[in-house]
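Enquirer: Below is the file run_8.txt, which contains compact mmCIF, C-alpha atoms.
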# COMPACT_ATOMS: atom_id res chain seq x y z
CA MET A 1 46.43 104.51 118.43
CA MET A 2 46.10 100.81 119.16
CA SER A 3 44.85 99.89 115.71
CA LYS A 4 48.27 100.84 114.37
CA LEU A 5 49.96 98.14 116.44
CA ILE A 6 50.69 94.80 114.86
CA PHE A 7 49.52 91.70 116.68
CA GLY A 8 49.20 88.33 115.02
CA ARG A 9 49.12 90.15 111.73
CA TYR A 10 48.72 87.77 108.82
CA ILE A 11 49.41 89.00 105.31
CA PRO A 12 47.41 86.80 102.93
CA GLY A 13 49.31 85.44 99.97
CA ASP A 14 49.87 82.45 97.72
CA SER A 15 53.63 82.08 97.98
CA LEU A 16 55.48 78.84 98.72
CA ILE A 17 55.97 80.03 102.31
CA HIS A 18 52.25 80.80 102.68
CA ARG A 19 51.28 77.37 101.37
CA MET A 20 53.60 75.44 103.66
CA ASP A 21 52.18 73.35 106.48
CA PRO A 22 52.12 75.47 109.68
CA ARG A 23 53.73 72.61 111.62
CA ALA A 24 56.68 72.62 109.22
CA LYS A 25 56.96 76.41 109.45
CA LEU A 26 56.84 76.41 113.23
CA LEU A 27 59.36 73.59 113.67
CA LEU A 28 61.73 74.95 111.02
CA SER A 29 61.58 78.42 112.60
CA PHE A 30 62.70 76.90 115.91
CA TYR A 31 65.34 74.91 114.07
CA PHE A 32 66.61 78.08 112.39
CA ILE A 33 67.07 79.75 115.77
CA GLY A 34 69.13 76.74 116.83
CA ILE A 35 71.44 76.79 113.82
CA ILE A 36 72.06 80.54 114.11
CA PHE A 37 74.38 79.64 116.97
CA ILE A 38 76.57 77.63 114.59
CA ALA A 39 77.56 80.87 112.87
CA ASN A 40 80.80 82.40 114.14
CA ASN A 41 82.35 84.31 111.24
CA TRP A 42 81.25 86.74 108.56
CA GLN A 43 80.84 84.01 105.93
CA THR A 44 78.34 82.05 108.06
CA TYR A 45 76.37 85.17 109.00
CA ALA A 46 76.33 86.25 105.35
CA LEU A 47 74.95 82.85 104.39
CA LEU A 48 72.22 83.06 107.07
CA PHE A 49 71.27 86.55 105.91
CA ALA A 50 71.16 85.42 102.27
CA PHE A 51 68.91 82.49 103.24
CA THR A 52 66.60 84.70 105.31
CA LEU A 53 66.41 87.39 102.63
CA ALA A 54 65.62 84.74 100.00
CA ALA A 55 62.82 83.39 102.21
CA ILE A 56 61.42 86.89 102.72
CA THR A 57 61.59 87.65 98.99
CA LEU A 58 59.90 84.32 98.27
CA SER A 59 57.06 85.17 100.67
CA GLY A 60 56.24 88.34 98.75
CA VAL A 61 55.65 90.24 102.01
CA LYS A 62 56.77 93.88 102.04
CA TRP A 63 60.13 94.62 103.66
CA SER A 64 58.62 97.34 105.81
CA PHE A 65 56.83 94.71 107.92
CA PHE A 66 60.15 93.14 108.86
CA ILE A 67 61.81 96.46 109.62
CA ASN A 68 58.81 97.33 111.82
CA GLY A 69 59.28 94.00 113.59
CA VAL A 70 62.78 95.01 114.67
CA LYS A 71 61.88 98.56 115.74
CA PRO A 72 60.16 97.73 119.07
CA LEU A 73 63.25 95.82 120.20
CA ILE A 74 65.89 98.16 118.84
CA TRP A 75 66.75 99.64 122.27
CA LEU A 76 67.04 96.22 123.88
CA ILE A 77 69.27 95.07 121.00
CA LEU A 78 71.48 98.17 121.18
CA PHE A 79 71.68 97.90 124.99
CA THR A 80 72.90 94.30 124.67
CA VAL A 81 75.31 95.17 121.88
CA ILE A 82 76.81 98.05 123.89
CA LEU A 83 77.24 95.83 126.96
CA GLN A 84 78.93 93.26 124.75
CA ILE A 85 81.28 95.85 123.27
CA LEU A 86 82.20 97.37 126.65
CA PHE A 87 82.51 94.24 128.79
CA SER A 88 83.66 91.68 126.23
CA ALA A 89 87.00 89.93 126.80
CA SER A 90 89.64 91.91 124.97
CA GLY A 91 91.07 90.43 121.81
CA GLY A 92 92.78 91.84 118.76
CA LYS A 93 93.58 95.53 118.79
CA VAL A 94 92.55 97.37 122.00
CA TYR A 95 91.12 100.81 121.17
CA TRP A 96 90.26 102.01 124.67
CA HIS A 97 90.67 100.64 128.18
CA TRP A 98 89.46 101.95 131.53
CA GLY A 99 89.02 99.69 134.60
CA ILE A 100 86.86 96.74 133.62
CA ILE A 101 85.74 98.47 130.44
CA THR A 102 87.60 97.58 127.28
CA ILE A 103 86.77 98.40 123.71
CA SER A 104 88.62 95.97 121.53
CA GLN A 105 88.48 94.72 117.98
CA LEU A 106 87.00 91.39 119.19
CA GLY A 107 84.35 93.20 121.24
CA LEU A 108 83.26 95.28 118.27
CA VAL A 109 83.12 92.26 115.98
CA ASN A 110 81.10 90.31 118.58
CA GLY A 111 78.77 93.31 118.94
CA VAL A 112 78.06 93.23 115.21
CA TYR A 113 77.47 89.45 115.32
CA ILE A 114 75.01 89.82 118.22
CA PHE A 115 73.11 92.49 116.31
CA CYS A 116 72.94 90.10 113.34
CA ARG A 117 71.64 87.25 115.55
CA PHE A 118 68.85 89.40 116.97
CA VAL A 119 67.83 90.64 113.53
CA LEU A 120 67.89 87.14 112.00
CA ILE A 121 65.76 85.68 114.82
CA ILE A 122 63.23 88.52 114.60
CA PHE A 123 63.08 88.37 110.79
CA MET A 124 62.45 84.60 110.75
CA SER A 125 59.86 84.81 113.57
CA THR A 126 58.14 87.69 111.78
CA LEU A 127 58.11 85.67 108.56
CA LEU A 128 56.38 82.83 110.41
CA THR A 129 53.64 85.03 111.87
CA LEU A 130 53.10 87.14 108.73
CA THR A 131 52.63 84.10 106.49
CA THR A 132 50.59 81.89 108.84
CA PRO A 133 47.06 82.64 110.12
CA PRO A 134 47.11 82.62 113.95
CA LEU A 135 44.47 79.88 114.14
CA GLU A 136 46.59 77.63 111.90
CA LEU A 137 49.53 78.24 114.22
CA SER A 138 47.32 77.32 117.15
CA ASP A 139 46.46 74.06 115.33
CA ALA A 140 50.16 73.43 114.73
CA ILE A 141 50.93 73.98 118.42
CA GLU A 142 48.15 71.54 119.32
CA TYR A 143 49.61 68.94 116.97
CA ILE A 144 53.17 69.44 118.21
CA LEU A 145 52.07 69.22 121.85
CA MET A 146 50.09 66.02 121.21
CA PRO A 147 52.79 63.68 122.61
CA LEU A 148 52.36 65.45 125.96
CA LYS A 149 48.91 63.86 126.23
CA ALA A 150 50.77 60.79 127.47
CA VAL A 151 51.66 62.74 130.62
CA HIS A 152 48.06 64.07 130.95
CA PHE A 153 48.88 67.51 129.57
CA PRO A 154 45.56 69.13 128.54
CA VAL A 155 46.49 69.58 124.88
CA TYR A 156 42.96 70.21 123.51
CA GLU A 157 42.11 72.60 126.29
CA VAL A 158 45.31 74.61 125.83
CA ALA A 159 44.72 74.80 122.06
CA LEU A 160 41.12 75.90 122.69
CA MET A 161 42.32 78.53 125.15
CA LEU A 162 44.91 79.92 122.70
CA SER A 163 42.38 80.00 119.84
CA ILE A 164 39.78 81.84 121.94
CA ALA A 165 42.42 84.24 123.26
CA LEU A 166 43.56 85.04 119.70
CA ARG A 167 39.94 85.56 118.68
CA PHE A 168 39.30 87.98 121.53
CA VAL A 169 42.46 90.11 121.34
CA PRO A 170 41.02 92.48 118.67
CA THR A 171 37.70 92.65 120.55
CA LEU A 172 39.38 93.57 123.82
CA MET A 173 41.67 96.03 122.01
CA ASP A 174 38.64 97.86 120.66
CA GLU A 175 37.03 97.73 124.09
CA THR A 176 40.18 99.14 125.70
CA GLU A 177 40.32 101.94 123.16
CA LYS A 178 36.70 102.83 123.90
CA ILE A 179 37.36 102.84 127.65
CA MET A 180 40.50 104.94 127.14
CA ASN A 181 38.58 107.47 125.06
CA ALA A 182 35.85 107.60 127.69
CA GLN A 183 38.45 108.20 130.40
CA ARG A 184 40.22 110.80 128.28
CA ALA A 185 36.91 112.61 127.93
CA ARG A 186 36.84 112.71 131.73
CA GLY A 187 40.32 114.29 131.80
CA VAL A 188 42.61 111.29 132.34
CA ASP A 189 46.05 111.80 130.75
CA PHE A 190 47.53 108.46 129.76
CA GLY A 191 51.32 108.42 129.53
CA GLU A 192 51.76 111.69 131.44
CA GLY A 193 53.94 112.09 134.52
CA ASN A 194 56.22 109.61 136.26
CA LEU A 195 55.75 105.86 136.41
CA PHE A 196 53.45 105.99 139.46
CA GLN A 197 51.27 108.69 137.89
CA GLN A 198 51.05 106.68 134.68
CA MET A 199 50.03 103.62 136.67
CA ARG A 200 47.36 105.60 138.49
CA ALA A 201 45.93 106.66 135.15
CA ILE A 202 45.71 103.02 134.09
CA VAL A 203 43.61 101.93 137.11
CA PRO A 204 40.33 103.37 135.74
CA LEU A 205 41.10 101.44 132.57
CA LEU A 206 41.71 98.12 134.31
CA ILE A 207 38.47 97.84 136.27
CA PRO A 208 36.05 98.07 133.31
CA LEU A 209 38.40 95.90 131.22
CA PHE A 210 38.40 93.14 133.85
CA VAL A 211 34.64 93.32 134.37
CA SER A 212 33.97 93.24 130.64
CA SER A 213 36.43 90.37 129.98
CA PHE A 214 35.09 88.17 132.76
CA ASN A 215 31.51 88.81 131.70
CA ARG A 216 32.38 87.86 128.13
CA ALA A 217 34.09 84.69 129.36
CA GLU A 218 31.06 83.68 131.37
CA ASP A 219 28.68 84.37 128.49
CA LEU A 220 30.84 82.34 126.12
CA ALA A 221 31.19 79.45 128.58
CA THR A 222 27.43 79.39 129.12
CA ALA A 223 26.82 79.41 125.34
CA MET A 224 29.26 76.54 124.82
CA GLU A 225 27.77 74.54 127.68
CA ALA A 226 24.27 75.15 126.32
CA ARG A 227 25.38 73.72 122.96
CA GLY A 228 26.81 70.65 124.65
CA TYR A 229 30.50 71.31 124.05
CA GLN A 230 32.38 68.33 125.42
CA GLY A 231 36.01 69.15 124.69
CA GLY A 232 38.37 68.17 121.89
CA GLU A 233 38.41 64.39 122.34
CA GLY A 234 36.76 62.76 119.32
CA ARG A 235 35.88 66.03 117.61
CA SER A 236 36.42 66.39 113.87
CA LYS A 237 38.46 69.31 112.53
CA PHE A 238 37.40 72.16 110.28
CA ARG A 239 41.00 72.99 109.39
CA ILE A 240 42.91 69.83 108.48
CA LEU A 241 46.69 70.09 108.36
CA LYS A 242 48.40 68.28 105.51
CA TRP A 243 52.10 67.66 104.92
CA HIS A 244 53.05 68.23 101.27
CA ALA A 245 56.13 67.53 99.16
CA ARG A 246 57.03 71.23 99.35
CA ASP A 247 57.35 70.92 103.14
CA ALA A 248 59.82 68.07 102.68
CA TRP A 249 61.80 70.09 100.10
CA VAL A 250 62.04 73.11 102.38
CA THR A 251 63.13 70.85 105.25
CA LEU A 252 65.83 69.48 102.96
CA GLY A 253 66.86 73.08 102.21
CA PHE A 254 67.37 73.67 105.93
CA ALA A 255 69.51 70.51 106.13
CA VAL A 256 71.70 71.80 103.29
CA LEU A 257 71.95 75.18 105.05
CA THR A 258 73.09 73.45 108.24
CA ALA A 259 75.75 71.48 106.35
CA ALA A 260 76.98 74.67 104.67
CA LEU A 261 77.18 76.48 108.02
CA VAL A 262 79.21 73.66 109.55
CA PHE A 263 81.52 73.71 106.52
CA LEU A 264 82.02 77.49 106.59
CA ARG A 265 82.31 77.74 110.36
CA ALA A 266 85.70 78.96 111.58
CA MET B 267 36.54 67.82 129.18
CA THR B 268 33.26 67.72 131.10
CA GLN B 269 30.91 70.70 130.96
CA SER B 270 31.87 71.95 134.43
CA LYS B 271 35.49 72.16 133.32
CA ILE B 272 34.94 74.44 130.31
CA ARG B 273 34.46 77.64 132.28
CA PRO B 274 37.99 77.90 133.74
CA TRP B 275 39.53 77.44 130.28
CA ILE B 276 37.37 80.16 128.75
CA ILE B 277 38.19 82.52 131.61
CA ASN B 278 41.86 81.70 131.14
CA ALA B 279 41.51 82.44 127.42
CA LEU B 280 40.18 85.90 128.23
CA VAL B 281 42.96 86.40 130.80
CA ALA B 282 45.49 85.52 128.08
CA ALA B 283 43.80 87.96 125.69
CA MET B 284 43.84 90.63 128.40
CA TYR B 285 47.55 90.03 128.98
CA VAL B 286 48.22 90.70 125.30
CA VAL B 287 46.03 93.80 125.25
CA LEU B 288 47.74 95.21 128.34
CA CYS B 289 51.14 94.57 126.76
CA LEU B 290 50.14 96.39 123.60
CA GLY B 291 48.19 99.17 125.28
CA PRO B 292 50.86 100.55 127.61
CA ALA B 293 53.47 100.19 124.84
CA ALA B 294 51.38 102.75 122.99
CA PHE B 295 52.04 105.24 125.75
CA SER B 296 55.73 104.30 126.12
CA LEU B 297 55.51 102.44 129.41
CA ALA B 298 56.72 99.13 128.07
CA SER B 299 59.58 99.93 125.79
CA GLY B 300 63.30 100.37 125.99
CA ALA B 301 65.96 98.21 127.61
CA ILE B 302 64.15 98.27 130.96
CA GLN B 303 60.56 97.23 130.34
CA PHE B 304 57.56 97.99 132.50
CA ARG B 305 54.83 95.70 131.24
CA VAL B 306 51.65 96.53 133.11
CA SER B 307 50.42 93.11 132.07
CA GLU B 308 52.90 91.61 134.53
CA GLY B 309 50.35 92.61 137.17
CA LEU B 310 48.21 89.73 135.92
CA ASN B 311 50.82 87.38 137.39
CA HIS B 312 49.20 88.17 140.74
CA LEU B 313 46.02 86.36 139.63
CA ALA B 314 47.72 83.07 140.52
CA VAL B 315 47.88 84.29 144.11
CA PHE B 316 44.08 84.15 144.28
CA ASN B 317 43.66 80.86 142.42
CA ARG B 318 46.31 78.66 140.85
CA LYS B 319 44.01 77.81 137.92
CA TYR B 320 44.94 81.21 136.43
CA ILE B 321 48.41 79.89 135.62
CA TRP B 322 47.23 78.66 132.22
CA GLY B 323 45.87 82.05 131.22
CA ILE B 324 48.92 83.95 132.40
CA VAL B 325 51.43 81.68 130.67
CA GLY B 326 49.17 81.56 127.60
CA GLY B 327 49.17 85.36 127.46
CA VAL B 328 52.96 85.52 127.72
CA VAL B 329 53.37 82.92 124.97
CA LEU B 330 50.89 84.66 122.66
CA PHE B 331 52.44 88.09 123.11
CA ASP B 332 55.96 86.78 122.66
CA ALA B 333 54.90 84.80 119.60
CA PHE B 334 52.71 87.36 117.85
CA GLY B 335 53.46 90.74 119.44
CA PRO B 336 55.72 93.47 118.07
CA GLY B 337 59.32 92.23 117.88
CA ALA B 338 58.13 88.66 118.39
CA SER B 339 60.66 85.89 118.46
CA LEU B 340 60.42 82.19 119.18
CA LEU B 341 63.29 82.47 121.66
CA ASN B 342 61.11 84.89 123.65
CA VAL B 343 58.33 82.31 123.63
CA LEU B 344 60.57 79.64 125.14
CA PHE B 345 62.29 81.78 127.73
CA GLY B 346 59.43 84.20 128.50
CA GLY B 347 56.87 81.41 128.85
CA GLY B 348 59.37 79.30 130.76
CA GLN B 349 60.15 82.10 133.21
CA SER B 350 56.47 82.70 134.00
CA LEU B 351 55.76 78.99 134.30
CA LEU B 352 58.72 78.41 136.61
CA ALA B 353 57.81 81.29 138.93
CA LEU B 354 54.12 80.35 139.02
CA LEU B 355 54.75 76.66 139.67
CA ILE B 356 57.01 77.50 142.63
CA LEU B 357 54.34 79.94 143.82
CA THR B 358 51.61 77.29 143.79
CA TRP B 359 53.91 74.95 145.67
CA ILE B 360 54.80 77.39 148.46
CA ALA B 361 51.71 79.64 148.56
CA PRO B 362 49.40 77.22 150.46
CA LYS B 363 51.83 77.44 153.37
CA LEU B 364 51.32 81.21 153.61
CA LYS B 365 48.31 82.60 155.46
CA THR B 366 47.59 86.00 153.94
CA VAL B 367 47.18 87.23 150.37
CA TRP B 368 49.84 89.87 151.01
CA GLN B 369 52.41 87.27 151.97
CA ARG B 370 51.64 85.37 148.77
CA MET B 371 51.93 88.54 146.72
CA VAL B 372 55.33 89.32 148.23
CA LEU B 373 56.42 85.76 147.44
CA ASN B 374 55.12 86.16 143.90
CA ILE B 375 57.05 89.41 143.43
CA PHE B 376 60.18 87.74 144.80
CA LEU B 377 59.82 84.70 142.54
CA PHE B 378 59.21 86.71 139.38
CA THR B 379 62.12 89.02 140.18
CA ILE B 380 64.52 86.13 140.80
CA SER B 381 63.32 84.12 137.82
CA MET B 382 64.23 86.96 135.47
CA PHE B 383 67.56 85.16 135.27
CA MET B 384 65.92 83.16 132.49
CA ILE B 385 65.34 86.30 130.44
CA ALA B 386 68.90 87.41 131.18
CA ILE B 387 70.14 83.98 130.05
CA MET B 388 68.15 84.35 126.84
CA ILE B 389 69.74 87.72 126.12
CA THR B 390 73.23 86.58 127.09
CA LEU B 391 72.86 83.42 125.03
CA MET B 392 72.71 85.75 122.08
CA SER B 393 75.70 87.74 123.32
CA SER B 394 78.25 85.09 124.35
CA GLY B 395 77.41 85.32 128.06
CA VAL B 396 79.51 88.30 129.13
CA ALA B 397 76.64 90.68 129.78
CA PHE B 398 74.69 88.42 132.15
CA TRP B 399 74.85 90.38 135.43
CA PRO B 400 74.07 93.88 134.13
CA THR B 401 71.25 92.37 132.04
CA TYR B 402 69.92 90.36 134.97
CA LEU B 403 70.01 93.35 137.32
CA THR B 404 68.15 95.64 134.93
CA THR B 405 65.49 93.11 133.94
CA ALA B 406 64.98 91.96 137.55
CA LEU B 407 64.70 95.58 138.71
CA SER B 408 62.03 96.37 136.13
CA GLU B 409 60.06 93.25 137.15
CA LEU B 410 60.38 94.10 140.85
CA ILE B 411 59.10 97.64 140.27
CA ILE B 412 56.13 96.77 138.08
CA MET B 413 55.00 93.81 140.18
CA THR B 414 55.25 95.85 143.37
CA ILE B 415 53.24 98.70 141.90
CA THR B 416 50.56 96.41 140.49
CA ALA B 417 50.18 94.29 143.68
CA PRO B 418 47.87 96.74 145.52
CA ILE B 419 45.94 97.35 142.30
CA MET B 420 45.28 93.63 141.86
CA TYR B 421 44.42 93.31 145.54
CA ALA B 422 41.86 96.10 145.20
CA LEU B 423 40.50 94.57 141.98
CA ASP B 424 40.02 91.26 143.78
CA ARG B 425 37.76 92.98 146.30
CA VAL B 426 35.46 93.86 143.39
CA MET B 427 35.99 90.88 141.09
CA HIS B 428 36.48 87.95 143.53
CA PHE B 429 38.93 86.28 141.19
CA SER B 430 39.00 82.92 142.96
CA ASP B 431 35.22 82.50 142.91
CA ARG B 432 35.03 83.45 139.24
CA ILE B 433 37.27 80.63 138.05
CA GLY B 434 35.85 78.15 140.54
Represent the structure contained in this file as structure tokens.

Expert:
Amino acid sequence: MMSKLIFGRYIPGDSLIHRMDPRAKLLLSFYFIGIIFIANNWQTYALLFAFTLAAITLSGVKWSFFINGVKPLIWLILFTVILQILFSASGGKVYWHWGIITISQLGLVNGVYIFCRFVLIIFMSTLLTLTTPPLELSDAIEYILMPLKAVHFPVYEVALMLSIALRFVPTLMDETEKIMNAQRARGVDFGEGNLFQQMRAIVPLLIPLFVSSFNRAEDLATAMEARGYQGGEGRSKFRILKWHARDAWVTLGFAVLTAALVFLRA
Amino acid sequence: MTQSKIRPWIINALVAAMYVVLCLGPAAFSLASGAIQFRVSEGLNHLAVFNRKYIWGIVGGVVLFDAFGPGASLLNVLFGGGQSLLALLILTWIAPKLKTVWQRMVLNIFLFTISMFMIAIMITLMSSGVAFWPTYLTTALSELIIMTITAPIMYALDRVMHFSDRIG
């Protein structure tokens, strides 16, 4: 059951997007989320969609991965869209009105735009994670957080923690599945009954999971101490990040996109 | 980092990994989906009640799940991580003034429920701001329910695990 879930899934490839520096990908993904808010008419949203679709096509990753990325959030998106449609300030033609609830042309249009924003953000975030190995992203986060060292933020330690956590997610997933199967064999029904009953079923899962995780942590810490691990300061890197011309070109592409959005904006 | 300081970071790494696994696990049996979410992993927020060093692991878990989990988005990372960090920092500031673990847990539940305004802001940012209150009420309610249910579980787990001693 759990093996079907996607977490930190990286699809290997040799596309331009795959070969980009993870720092550029991470920063440009954040930048993209920022410029989505410039869009306010169908032309600007169409441009953003065209740009995103071009990036996805360029990556060579199957469309199904992106559709699957939206699915877990579809109810949250629809819930937000419906609230927007029902409680939005009326504008244009009013189709239905009752108390504080109004369905208007403006509300419907805004609902569509909100749906587009959610989808664009999820698509671009999914593109980032599908084309970048999690450990490279962890390196990029470490690099981006580096200025915080000036205020004594433990950059190396946080990067180490994220890398180890990413490494152990599949291990703990397998462990959880084993524990769940063992509990099922004893008659526990996961996902049956009301919320309290479901929670009760999870308790026998939590105890062995906690014990196992803490034991693993202690074993790993002891092994690292025994090998004289002294932290990140002064350590050389196995994965060295390098900024290439292609990263600069893609950054330029984002600048052009921003200019076009400002030009097309209503 | 001196050798004695490695252990808490490794434990926090495993806490972060556990957070992700608990997010993904219950989603498999439909506990953490839909507009109102019940993430069992939110119970791990109570770890900070026992020792504030767990903050790193909890926030790390939130960031990792929001960045790499199903339906991941970078906006989630900023607002989800920010919400947890805000609530936990206020907790560590006020908690030493409270005598019992239960009082701290109640404070923790209160802080996480109130701080869901950040998640509501994130959602309303994407929807021109009109849906703030219904969104805030539903997200805060889900947080209140799951953190209340998980509080006695974490309390009982602490009797077995001695969370504070483990992280040192």

Enquirer: State, in Å with one decimal place, the distance from CA of Glu192 (chain A) to CA of Met413 (chain B).

Expert: 20.2 Å

Enquirer: Report as a tab-separated table: every residue of chain A with an atom at most 6 Å from chain B, its closest pair of atoms, and their distance in Å to one decimal, counting only C-alpha atoms, with rows sorted by chain and ascending residue number.

Expert:
residue	atom	partner	partner_atom	distance
A:Phe7	CA	B:Gly335	CA	4.9
A:Gly8	CA	B:Phe334	CA	4.6
A:Gly69	CA	B:Gly337	CA	4.6
A:Val70	CA	B:Gly337	CA	5.5
A:Pro72	CA	B:Gly337	CA	5.7
A:Leu73	CA	B:Gly337	CA	5.8
A:Trp75	CA	B:Gly300	CA	5.1
A:Leu76	CA	B:Ala301	CA	4.4
A:Leu83	CA	B:Ala397	CA	5.9
A:Ile114	CA	B:Ser393	CA	5.6
A:Ile122	CA	B:Ser339	CA	5.3
A:Ser125	CA	B:Ser339	CA	5.1
A:Met161	CA	B:Ala279	CA	4.6
A:Ile164	CA	B:Ala279	CA	5.8
A:Ala165	CA	B:Ala279	CA	4.6
A:Val169	CA	B:Ala283	CA	5.0
A:Met173	CA	B:Val287	CA	5.9
A:Gly191	CA	B:Phe295	CA	5.0
A:Ala217	CA	B:Ile277	CA	5.2
A:Ala221	CA	B:Arg273	CA	5.3
A:Glu225	CA	B:Gln269	CA	5.9
A:Gln230	CA	B:Met267	CA	5.6
A:Gly231	CA	B:Met267	CA	4.7

Enquirer: Please, could you write that set of residues out with C-alpha atoms as a tab-separated table (two decimals), in the frame of the given file?

Expert:
chain	number	residue	atom	x	y	z
A	7	PHE	CA	49.52	91.70	116.68
A	8	GLY	CA	49.20	88.33	115.02
A	69	GLY	CA	59.28	94.00	113.59
A	70	VAL	CA	62.78	95.01	114.67
A	72	PRO	CA	60.16	97.73	119.07
A	73	LEU	CA	63.25	95.82	120.20
A	75	TRP	CA	66.75	99.64	122.27
A	76	LEU	CA	67.04	96.22	123.88
A	83	LEU	CA	77.24	95.83	126.96
A	114	ILE	CA	75.01	89.82	118.22
A	122	ILE	CA	63.23	88.52	114.60
A	125	SER	CA	59.86	84.81	113.57
A	161	MET	CA	42.32	78.53	125.15
A	164	ILE	CA	39.78	81.84	121.94
A	165	ALA	CA	42.42	84.24	123.26
A	169	VAL	CA	42.46	90.11	121.34
A	173	MET	CA	41.67	96.03	122.01
A	191	GLY	CA	51.32	108.42	129.53
A	217	ALA	CA	34.09	84.69	129.36
A	221	ALA	CA	31.19	79.45	128.58
A	225	GLU	CA	27.77	74.54	127.68
A	230	GLN	CA	32.38	68.33	125.42
A	231	GLY	CA	36.01	69.15	124.69

Enquirer: Phe316 (chain B): which residues within 10 Å, counting all atoms listed in the file, same-chain residues fewer than 3 positions away excluded, as a list in words?

Expert: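 Counting only the stated atoms, we get His312, Leu313, Lys319, Tyr320, Ala361, Val367, Arg370, Met371, Met420, Tyr421, Asp424, His428, Phe429, Ser430, Asp431 and Ile433 of chain B.
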
Enquirer: Of the candidates B:Val315, B:Leu377, B:Leu364, B:Ile385, which one gets nearest to Gly348 (chain B) if we count all atoms listed in the file?

Expert: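 Looking only at the distances to Gly348 (chain B), the closest residue turns out to be B:Ile385.
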
Enquirer: Between CA of Ala201 (chain A) and CA of Glu218 (chain A), what is the distance in Å, rounded to a tenth?

Expert: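 Pair CA of Ala201 (chain A) / CA of Glu218 (chain A) returns 27.6 Å.
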
Enquirer: Expressed in Å to a single decimal, how great is the separation between CA of Leu220 (chain A) and CA of Val158 (chain A)?

Expert: 16.4 Å

Enquirer: Name the residues within 12 Å of (78.8, 83.1, 105.2), counting all atoms listed in the file in the file's coordinates, and put them as a ChimeraX atom specification.

Expert: /A:36,38-51,257-258,260-266
